[in-house]
>>> print(open('run00.cif').read())   # mmCIF, C-alpha atoms
data_protein
loop_
_atom_site.label_atom_id
_atom_site.label_comp_id
_atom_site.auth_asym_id
_atom_site.auth_seq_id
_atom_site.Cartn_x
_atom_site.Cartn_y
_atom_site.Cartn_z
CA TYR A 1 8.67 -16.43 51.78
CA VAL A 2 5.76 -17.57 53.97
CA PRO A 3 5.54 -21.39 54.08
CA PRO A 4 2.24 -23.16 54.91
CA ARG A 5 1.78 -24.23 58.52
CA GLU A 6 1.95 -27.93 57.71
CA ALA A 7 2.39 -30.18 54.72
CA PRO A 8 0.00 -33.13 54.26
CA ASP A 9 2.70 -35.33 52.74
CA ARG A 10 4.87 -34.83 55.83
CA GLY A 11 2.31 -36.23 58.21
CA GLY A 12 1.51 -32.85 59.68
CA GLU A 13 5.13 -31.83 60.25
CA PRO A 14 5.83 -28.11 59.74
CA VAL A 15 7.75 -27.35 56.58
CA PRO A 16 11.15 -25.61 56.84
CA ASP A 17 11.15 -21.89 57.42
CA GLU A 18 13.61 -21.37 54.56
CA PRO A 19 12.61 -21.87 50.89
CA GLN A 20 13.85 -25.08 49.34
CA ALA A 21 15.88 -25.41 46.14
CA GLY A 22 13.70 -25.96 43.11
CA ASP A 23 10.65 -24.21 44.57
CA PRO A 24 9.56 -21.86 41.72
CA ALA A 25 7.26 -19.81 43.97
CA ALA A 26 10.14 -19.10 46.31
CA PHE A 27 12.33 -18.12 43.38
CA VAL A 28 9.84 -15.49 42.23
CA LEU A 29 9.42 -14.10 45.71
CA LEU A 30 13.12 -14.02 46.50
CA GLN A 31 14.33 -12.71 43.13
CA GLY A 32 11.59 -10.18 42.67
CA MET A 33 9.40 -9.42 39.68
CA PRO A 34 11.01 -7.74 36.65
CA LEU A 35 7.97 -5.45 36.44
CA SER A 36 5.15 -4.24 38.67
CA PHE A 37 1.86 -6.14 38.92
CA ASP A 38 0.10 -3.24 37.20
CA ARG A 39 2.47 -3.38 34.22
CA LEU A 40 2.25 -7.19 34.19
CA ASP A 41 -1.54 -6.96 33.99
CA ARG A 42 -1.41 -4.43 31.14
CA SER A 43 1.28 -6.44 29.33
CA ILE A 44 -0.76 -9.65 29.43
CA ARG A 45 -3.82 -7.77 28.17
CA ALA A 46 -1.74 -6.39 25.28
CA TYR A 47 -0.39 -9.88 24.55
CA VAL A 48 -3.88 -11.39 24.40
CA SER A 49 -5.17 -8.58 22.15
CA ALA A 50 -2.72 -9.48 19.36
CA PRO A 51 -4.56 -11.61 16.74
CA THR A 52 -2.24 -14.64 16.78
CA ALA A 53 -1.46 -14.67 20.51
CA MET A 54 -3.80 -17.47 21.58
CA SER A 55 -2.87 -19.73 18.67
CA SER A 56 0.89 -19.29 19.10
CA SER A 57 3.00 -22.20 20.35
CA GLU A 58 5.47 -19.73 21.86
CA GLN A 59 6.04 -20.20 25.60
CA LEU A 60 4.77 -17.23 27.58
CA THR A 61 7.64 -15.68 29.55
CA PHE A 62 8.48 -12.25 30.88
CA ALA A 63 10.94 -11.83 28.00
CA ASN A 64 8.37 -12.22 25.21
CA LEU A 65 5.56 -10.25 26.84
CA PRO A 66 4.78 -6.96 25.06
CA VAL A 67 6.52 -3.89 26.44
CA VAL A 68 4.11 -1.50 28.17
CA GLU A 69 5.08 2.05 28.97
CA GLU A 70 4.82 3.81 32.30
CA TYR A 71 1.33 5.20 32.76
CA GLU A 72 0.51 8.26 34.84
CA GLU A 73 -3.15 8.83 35.55
CA PRO A 74 -4.28 12.38 34.81
CA LYS A 75 -4.90 14.47 37.88
CA GLU A 76 -8.56 15.15 38.51
CA ALA A 77 -9.95 18.38 39.80
CA VAL A 78 -11.50 18.21 43.25
CA VAL A 79 -14.92 19.82 43.50
CA ASP A 80 -15.03 21.34 46.99
CA GLY A 81 -18.53 22.61 46.46
CA MET A 82 -20.02 19.11 46.66
CA THR A 83 -19.14 18.91 50.34
CA GLU A 84 -20.78 22.26 50.96
CA MET A 85 -23.87 21.00 49.16
CA GLY A 86 -24.10 18.03 51.48
CA GLY A 87 -22.20 15.49 49.40
CA ASP A 88 -21.21 12.30 51.25
CA ALA A 89 -17.41 12.11 51.40
CA ALA A 90 -17.44 8.30 51.49
CA LEU A 91 -19.75 8.16 48.49
CA MET A 92 -17.60 10.65 46.60
CA ALA A 93 -14.50 8.58 47.36
CA ALA A 94 -16.22 5.41 46.19
CA MET A 95 -17.30 7.12 42.98
CA GLY A 96 -13.75 8.27 42.39
CA THR A 97 -12.42 4.73 42.90
CA ALA A 98 -14.98 3.35 40.47
CA ASP A 99 -14.02 5.97 37.89
CA LYS A 100 -10.35 5.03 38.17
CA GLU A 101 -11.16 1.34 37.72
CA GLU A 102 -13.17 2.17 34.62
CA LYS A 103 -10.28 4.21 33.19
CA LYS A 104 -7.97 1.20 33.54
CA GLU A 105 -10.15 -0.61 31.01
CA VAL A 106 -8.97 1.69 28.22
CA ALA A 107 -8.79 -0.17 24.92
CA ASP A 108 -5.40 -1.09 23.53
CA PRO A 109 -4.47 1.75 21.13
CA ALA A 110 -3.26 -0.90 18.67
CA ALA A 111 -6.72 -2.49 18.51
CA ALA A 112 -7.55 -0.44 15.41
CA VAL A 113 -4.53 -1.96 13.67
CA TYR A 114 -5.33 -5.52 14.73
CA ALA A 115 -8.92 -5.12 13.49
CA ILE A 116 -7.70 -4.93 9.87
CA PRO A 117 -6.30 -8.27 8.63
CA GLU A 118 -3.78 -6.69 6.24
CA LEU A 119 -2.30 -4.62 9.08
CA ALA A 120 -2.54 -7.35 11.71
CA ALA A 121 -0.42 -9.57 9.44
CA LEU A 122 2.50 -7.15 9.93
CA GLY A 123 2.94 -8.40 13.51
CA ARG A 124 2.70 -7.13 17.05
CA VAL A 125 2.81 -3.39 17.71
CA PHE A 126 5.80 -2.44 19.88
CA ARG A 127 4.36 0.89 21.05
CA SER A 128 1.80 3.49 20.01
CA SER A 129 2.36 7.22 20.26
CA PRO A 130 -0.12 9.68 21.77
CA PRO A 131 -2.36 11.32 19.13
CA ILE A 132 -0.66 14.16 17.25
CA GLU A 133 -2.73 17.08 15.98
CA LEU A 134 -2.20 17.71 12.27
CA ALA A 135 -4.96 20.31 11.94
CA GLU A 136 -6.47 22.83 14.34
CA GLU A 137 -9.65 21.90 16.18
CA GLU A 138 -11.42 24.85 14.55
CA ALA A 139 -10.46 23.68 11.05
CA GLU A 140 -12.96 22.32 8.53
CA TYR A 141 -11.38 18.88 8.71
CA VAL A 142 -9.74 17.80 11.95
CA VAL A 143 -7.00 15.19 11.58
CA ARG A 144 -4.97 13.48 14.30
CA CYS A 145 -2.29 10.83 13.84
CA VAL A 146 -1.19 7.89 15.99
CA LYS A 147 2.12 6.21 15.15
CA HIS A 148 1.99 2.44 15.73
CA VAL A 149 5.60 1.27 15.78
CA MET A 150 6.73 -2.23 14.79
CA PRO A 151 10.29 -3.53 14.31
CA GLU A 152 10.17 -3.12 10.51
CA HIS A 153 7.06 -0.99 9.94
CA ILE A 154 5.21 2.04 11.23
CA VAL A 155 1.45 2.07 10.76
CA LEU A 156 0.19 5.66 10.71
CA GLN A 157 -3.44 5.89 11.82
CA PHE A 158 -5.01 9.15 10.63
CA MET A 159 -8.25 9.93 12.43
CA VAL A 160 -10.30 12.17 10.13
CA GLN A 161 -13.21 14.17 11.54
CA ASN A 162 -15.74 15.93 9.32
CA THR A 163 -17.02 19.21 10.78
CA ILE A 164 -19.02 20.45 7.74
CA GLU A 165 -22.73 19.76 8.07
CA ASP A 166 -23.64 19.65 4.38
CA GLN A 167 -20.80 17.37 3.27
CA ARG A 168 -19.93 13.69 3.38
CA LEU A 169 -16.32 12.76 2.76
CA VAL A 170 -15.46 9.62 0.80
CA ASN A 171 -12.28 7.72 -0.03
CA CYS A 172 -10.14 9.73 2.42
CA THR A 173 -6.39 9.16 2.23
CA VAL A 174 -3.33 11.03 3.50
CA ALA A 175 -0.47 11.49 1.02
CA LEU A 176 3.05 11.69 2.49
CA GLU A 177 5.93 13.43 0.72
CA GLY A 178 9.44 13.35 2.12
CA ASP A 179 13.06 12.43 1.50
CA SER A 180 14.20 9.75 3.93
CA GLU A 181 16.96 7.14 3.76
CA CYS A 182 15.38 4.84 6.33
CA PHE A 183 11.59 5.17 5.75
CA GLU A 184 9.50 4.49 2.67
CA VAL A 185 5.73 4.61 2.16
CA ALA A 186 4.56 1.08 1.27
CA GLY A 187 0.77 1.26 1.14
CA GLU A 188 -2.43 2.87 2.36
CA ILE A 189 -5.98 2.06 3.40
CA ALA A 190 -8.62 4.73 2.81
CA ALA A 191 -11.43 5.82 5.11
CA GLU A 192 -14.41 4.99 2.91
CA SER A 193 -16.94 7.49 4.30
CA VAL A 194 -16.99 10.23 6.95
CA LYS A 195 -20.34 11.79 7.73
CA TYR A 196 -20.79 15.14 9.48
CA GLY A 197 -19.70 14.93 13.13
CA GLU A 198 -18.13 11.49 12.69
CA THR A 199 -14.52 10.30 12.71
CA ALA A 200 -13.07 7.56 10.53
CA ASP A 201 -9.59 6.07 10.20
CA ALA A 202 -7.26 6.11 7.22
CA PHE A 203 -3.97 4.20 7.41
CA VAL A 204 -0.55 4.55 5.80
CA VAL A 205 2.07 1.81 6.12
CA VAL A 206 5.70 2.96 6.24
CA THR A 207 8.53 0.45 5.99
CA ARG A 208 11.80 0.93 7.85
CA ASP A 209 15.20 -0.02 6.51
CA VAL A 210 16.53 -1.88 9.56
CA GLY A 211 20.05 -1.77 8.12
CA ALA A 212 20.14 2.03 8.16
CA ALA A 213 20.65 4.14 11.26
CA LEU A 214 17.51 5.93 12.39
CA ALA A 215 17.42 9.65 11.74
CA PRO A 216 14.61 12.20 12.09
CA SER A 217 12.52 12.30 8.92
CA SER A 218 9.86 14.90 8.15
CA PHE A 219 6.94 14.29 5.81
CA GLU A 220 4.56 16.79 4.24
CA CYS A 221 0.98 15.56 4.67
CA VAL A 222 -2.00 16.26 2.45
CA LEU A 223 -5.53 15.01 3.07
CA ARG A 224 -7.10 13.84 -0.19
CA PHE A 225 -10.78 12.98 -0.37
CA GLY A 226 -13.99 13.15 -2.34
CA VAL A 227 -16.81 15.49 -1.31
CA ILE A 228 -20.50 14.67 -1.66
CA GLN A 229 -22.98 17.44 -0.93
CA VAL A 230 -25.77 16.27 1.38
CA ASP A 231 -29.06 17.67 2.64
CA PRO A 232 -28.38 18.67 6.28
CA ARG A 233 -31.99 17.92 7.22
CA THR A 234 -32.28 14.44 5.75
CA GLY A 235 -28.64 13.46 5.33
CA GLU A 236 -29.31 12.30 1.78
CA ASP A 237 -26.70 12.75 -0.96
CA GLU A 238 -27.36 15.61 -3.38
CA SER A 239 -24.34 15.40 -5.71
CA ASP A 240 -21.73 13.17 -7.20
CA PRO A 241 -18.32 13.20 -5.48
CA TYR A 242 -15.69 15.72 -6.53
CA GLU A 243 -12.03 15.61 -5.55
CA GLU A 244 -10.54 17.91 -2.90
CA GLU A 245 -7.23 18.32 -1.05
CA TYR A 246 -6.51 19.81 2.36
CA PRO A 247 -2.92 20.55 3.55
CA LEU A 248 -1.98 19.29 7.00
CA GLU A 249 0.90 19.94 9.38
CA ASP A 250 4.16 18.10 8.71
CA LEU A 251 4.64 14.76 10.45
CA GLU A 252 8.01 13.73 11.87
CA LEU A 253 9.25 10.19 12.44
CA SER A 254 12.09 10.26 14.96
CA THR A 255 14.29 7.84 16.87
CA SER A 256 12.32 8.50 20.06
CA ASP A 257 9.25 6.95 18.40
CA PHE A 258 11.07 3.61 18.69
CA MET A 259 11.72 4.01 22.43
CA ALA A 260 9.28 2.80 25.09
CA LYS A 261 9.23 4.70 28.38
CA VAL A 262 9.99 1.97 30.93
CA ALA A 263 11.57 2.57 34.33
CA VAL A 264 14.05 0.20 35.99
CA PRO A 265 13.61 -0.68 39.69
CA ASP A 266 17.21 0.22 40.65
CA PHE A 267 18.91 2.61 38.23
CA ARG A 268 22.37 2.50 39.82
CA SER A 269 22.46 -1.30 39.86
CA SER A 270 21.19 -1.48 36.26
CA TRP A 271 23.73 1.12 35.14
CA GLU A 272 26.61 -0.86 36.61
CA SER A 273 25.36 -4.20 35.28
CA VAL A 274 25.12 -2.92 31.69
CA GLY A 275 28.72 -1.67 31.88
CA ASN A 276 30.52 0.80 29.66
CA ALA A 277 31.51 -1.49 26.77
CA ASN A 278 28.95 0.14 24.46
CA GLU A 279 28.79 3.52 26.19
CA VAL A 280 28.52 6.70 24.13
CA LEU A 281 29.62 10.01 25.69
CA GLU A 282 28.65 13.38 24.24
CA LYS A 283 28.66 17.08 25.17
CA PHE A 284 26.21 19.67 23.85
CA ALA A 285 25.55 23.38 24.26
CA LEU A 286 21.77 23.83 24.39
CA GLN A 287 20.02 27.10 23.62
CA PHE A 288 17.85 27.26 26.73
CA LYS A 289 17.81 30.06 29.25
CA ARG A 290 16.32 27.93 32.03
CA GLN A 291 17.72 24.67 33.35
CA GLU A 292 14.19 23.32 33.82
CA ASP A 293 13.39 23.78 30.13
CA ALA A 294 16.56 22.00 29.10
CA VAL A 295 15.76 18.99 31.30
CA ALA A 296 12.26 18.73 29.84
CA ALA A 297 13.64 18.98 26.29
CA VAL A 298 16.21 16.22 26.85
CA ILE A 299 13.50 13.89 28.20
CA ASP A 300 11.30 14.66 25.20
CA LEU A 301 14.06 14.24 22.60
CA LEU A 302 15.18 10.87 23.96
CA GLY A 303 11.66 9.60 24.62
CA MET A 304 12.81 7.87 27.81
CA GLN A 305 11.44 7.53 31.35
CA PRO A 306 12.98 9.63 34.15
CA CYS A 307 14.09 7.57 37.16
CA ASP A 308 14.74 8.30 40.83
CA GLY A 309 12.69 11.50 40.75
CA THR A 310 15.25 13.22 38.50
CA GLY A 311 12.72 14.35 35.87
CA HIS A 312 12.28 17.77 37.47
CA VAL A 313 14.67 20.36 38.85
CA LYS A 314 13.92 21.00 42.51
CA ALA A 315 12.19 24.28 43.26
CA GLY A 316 14.67 27.07 43.94
CA GLU A 317 17.67 25.14 42.60
CA GLY A 318 17.35 26.03 38.91
CA GLY A 319 20.73 27.26 37.64
CA ARG A 320 22.41 27.12 41.03
CA LYS A 321 24.08 23.72 40.51
CA PRO A 322 24.21 20.96 37.88
CA HIS A 323 21.17 18.70 37.70
CA MET A 324 21.66 14.94 37.27
CA LEU A 325 19.06 13.24 35.08
CA HIS A 326 18.63 9.45 35.04
CA LEU A 327 16.65 7.93 32.16
CA SER A 328 15.69 4.43 31.08
CA GLY A 329 13.73 2.85 28.27
CA ILE A 330 13.42 -0.13 25.97
CA PHE A 331 14.33 0.31 22.32
CA VAL A 332 12.39 -1.54 19.63
CA GLY A 333 13.69 -5.09 19.52
CA GLY A 334 13.91 -5.34 23.31
CA THR A 335 17.19 -3.52 24.00
CA THR A 336 17.28 -1.84 27.41
CA VAL A 337 18.78 1.66 27.23
CA LEU A 338 20.04 3.77 30.14
CA ALA A 339 21.23 7.36 30.11
CA ARG A 340 22.85 9.68 32.64
CA ALA A 341 22.84 13.36 31.85
CA GLN A 342 24.28 16.38 33.65
CA VAL A 343 22.46 19.60 32.85
CA ALA A 344 24.25 22.76 34.02
CA ALA A 345 24.01 26.47 33.35
CA SER A 346 26.89 27.74 31.22
CA GLY A 347 29.38 30.11 32.79
CA ASP A 348 28.35 33.11 30.68
CA ALA A 349 24.62 32.47 31.21
CA SER A 350 24.11 32.20 27.44
CA GLY A 351 22.60 28.73 27.56
CA VAL A 352 22.83 25.27 29.13
CA LEU A 353 25.60 22.68 28.93
CA LEU A 354 24.66 19.01 28.59
CA LYS A 355 26.94 16.06 29.26
CA ILE A 356 25.32 12.72 28.51
CA ALA A 357 26.31 9.05 28.69
CA VAL A 358 24.17 6.39 27.01
CA ARG A 359 24.56 2.68 27.72
CA SER A 360 23.00 -0.43 26.19
CA ASP A 361 24.02 -3.88 25.00
CA ASP A 362 24.04 -2.67 21.38
CA PRO A 363 26.58 -0.01 20.34
CA SER A 364 24.46 1.09 17.37
CA VAL A 365 21.47 1.68 19.65
CA SER A 366 23.59 3.70 22.10
CA ARG A 367 24.80 5.87 19.21
CA MET A 368 21.32 6.39 17.73
CA VAL A 369 19.94 7.43 21.12
CA ALA A 370 22.78 9.87 21.79
CA ASP A 371 22.23 11.37 18.34
CA CYS A 372 18.65 12.28 19.33
CA ILE A 373 20.01 15.46 20.91
CA ARG A 374 19.94 18.15 18.25
#
>>> encode(input="run00.cif", output="structure tokens")
Amino acid sequence: YVPPREAPDRGGEPVPDEPQAGDPAAFVLLQGMPLSFDRLDRSIRAYVSAPTAMSSSEQLTFANLPVVEEYEEPKEAVVDGMTEMGGDAALMAAMGTADKEEKKEVADPAAAVYAIPELAALGRVFRSSPPIELAEEEAEYVVRCVKHVMPEHIVLQFMVQNTIEDQRLVNCTVALEGDSECFEVAGEIAAESVKYGETADAFVVVTRDVGAALAPSSFECVLRFGVIQVDPRTGEDESDPYEEEYPLEDLELSTSDFMAKVAVPDFRSSWESVGNANEVLEKFALQFKRQEDAVAAVIDLLGMQPCDGTGHVKAGEGGRKPHMLHLSGIFVGGTTVLARAQVAASGDASGVLLKIAVRSDDPSVSRMVADCIR
């Protein structure tokens, strides 16, 4: 707390060195921010991008800001040859800083959802997954999927790329087939036209039964579309459309899709404050030869953020002693989830033993998260 040198309403008298009761600025500084300034900036940007944000009468607080996940900038290769060629180190550093600032202006992945009124009406997106490849890059039709998760819906955005020069694709949809007790396909929006070399979006809306416990659900995916033959030189249509299908990789909806990777400032303090009233304890035998692989798998299955530098086994320590893994995240609906896991090599060296404790304020959430290990 740094008070001003003098207060005009005190006739020039210095203000007290200690913050006064009722001073909101002092409260923020003394209590600390619940999230970093970088995450606050990204959260406000995500809040503003939602269609109804600016017209809402809801008071803007930390609690109702959108959850934003931890972001790790990709490491860039350093080109040593530029220095040898006479490159200015200061200029190179400035260019690198400018590039990083430009990368921070990445569009909200949910913007494609908000741009369509029917999808925007479903509400704010809780989190969006990284793109998932459903077809090989060398395939005739390249398809990737982004899962936009909401409390009661998942909007599946299928990005369809046409790689065949003499074809134009029309009315592209992705059909999902699967047997799930908690998910049901509710509707779709087709990509109307995809020219050679272009990418267009098709959407499928999946509803979630909020009364049922989440469980991994796998769906067979088939790309259905019409094909119009075109003249590669002029791009003009040369035929009427005919129907085609193209099988894609299966798509899985899992509990981890509903978990945002968010770290807590002090894991031990948070762990103790949540308490063990809704704690779930489990033990598993994992079929991994290396401790490092088991740790990575647990992080991936839970979809949570490693804390306190526990996300990696220290070099040279793999298998020598148990590794403690601390994880945190926010489950859809705003429930903070914490997990402590001990990953140790089994005595007969046949695999890895996992002991895990999951805590949250909701016993059903703690159970669903613990059940992610399979």
>>> resolve_selection(input="run00.cif", expression="the PyMOL selection byres ((chain A and resi 343) around 8)", output="compact mmCIF listing (two decimals) with C-alpha atoms, in the frame of the given file")
# COMPACT_ATOMS: atom_id res chain seq x y z
CA GLN A 291 17.72 24.67 33.35
CA ALA A 294 16.56 22.00 29.10
CA VAL A 295 15.76 18.99 31.30
CA PRO A 322 24.21 20.96 37.88
CA HIS A 323 21.17 18.70 37.70
CA MET A 324 21.66 14.94 37.27
CA LEU A 325 19.06 13.24 35.08
CA ALA A 341 22.84 13.36 31.85
CA GLN A 342 24.28 16.38 33.65
CA ALA A 344 24.25 22.76 34.02
CA ALA A 345 24.01 26.47 33.35
CA VAL A 352 22.83 25.27 29.13
CA LEU A 353 25.60 22.68 28.93
CA LEU A 354 24.66 19.01 28.59
CA LYS A 355 26.94 16.06 29.26
>>> closest_residue(input="run00.cif", among="A:Gly197, A:Gly333, A:Pro216, A:Pro130", to="A:Cys372", atoms="only C-alpha atoms")
A:Pro216
>>> residues_around(input="run00.cif", residues="A:Asp201", least_positions_apart="5", cutoff="8 Å", atoms="all atoms listed in the file", output="ChimeraX atom specification")
/A:157-160,190-191
>>> residues_around(input="run00.cif", residues="A:Thr335", least_positions_apart="5", cutoff="10 Å", atoms="only C-alpha atoms", output="PyMOL selection string")
chain A and resi 259+329-330+360-362+365-366
>>> resolve_selection(input="run00.cif", expression="the PyMOL selection byres ((chain A and resi 263) around 9)", output="number ranges by chain")
A: 69-70, 261-262, 264-267, 304-307, 327-330
>>> atom_distance(input="run00.cif", atom1="atom CA of A:Ala370", atom2="atom CA of A:Ala339")
8.8 Å
>>> resolve_selection(input="run00.cif", expression="the PyMOL selection byres ((chain A and resi 187) around 9)", output="list of chain:residue names")
A:Val185, A:Ala186, A:Glu188, A:Ile189, A:Phe203, A:Val204, A:Val205, A:Val206
>>> residues_around(input="run00.cif", residues="A:Thr173", least_positions_apart="4", cutoff="6 Å", atoms="all atoms listed in the file", output="list in words")
Ala190, Ala202, Leu223 and Arg224 of chain A
>>> closest_residue(input="run00.cif", among="A:Leu248, A:Val142, A:Val155, A:Leu338", to="A:Glu272", atoms="all atoms listed in the file")
A:Leu338
>>> residues_near_point(input="run00.cif", point="(-24.6, 18.8, 0.8)", cutoff="9 Å", atoms="only C-alpha atoms", output="NGL selection string")
:A and (165-168 or 227-232 or 235-239)
>>> residues_around(input="run00.cif", residues="stretch 176-179 of chain A", least_positions_apart="5", cutoff="8 Å", atoms="all atoms listed in the file", output="ChimeraX atom specification")
/A:185,217-222
>>> atom_distance(input="run00.cif", atom1="atom CA of A:Ile154", atom2="atom CA of A:Val280")
27.0 Å
>>> closest_residue(input="run00.cif", among="A:Arg340, A:Ile132, A:Ala285, A:Asn278", to="A:Thr310", atoms="only C-alpha atoms")
A:Arg340
>>> atom_distance(input="run00.cif", atom1="atom CA of A:Ala213", atom2="atom CA of A:Asp371")
10.2 Å
>>> closest_residue(input="run00.cif", among="A:Tyr114, A:Ile373, A:Ser350, A:Glu244", to="A:Ala297", atoms="only C-alpha atoms")
A:Ile373
>>> closest_residue(input="run00.cif", among="A:Leu122, A:Leu251, A:Met150, A:Ala46", to="A:Ala175", atoms="all atoms listed in the file")
A:Leu251
>>> residues_around(input="run00.cif", residues="A:Leu169", least_positions_apart="5", cutoff="7 Å", atoms="all atoms listed in the file", output="PyMOL selection string")
chain A and resi 193-195+225-228
>>> closest_residue(input="run00.cif", among="A:Ser270, A:Thr163, A:Thr255, A:Ser346", to="A:Val332", atoms="all atoms listed in the file")
A:Thr255
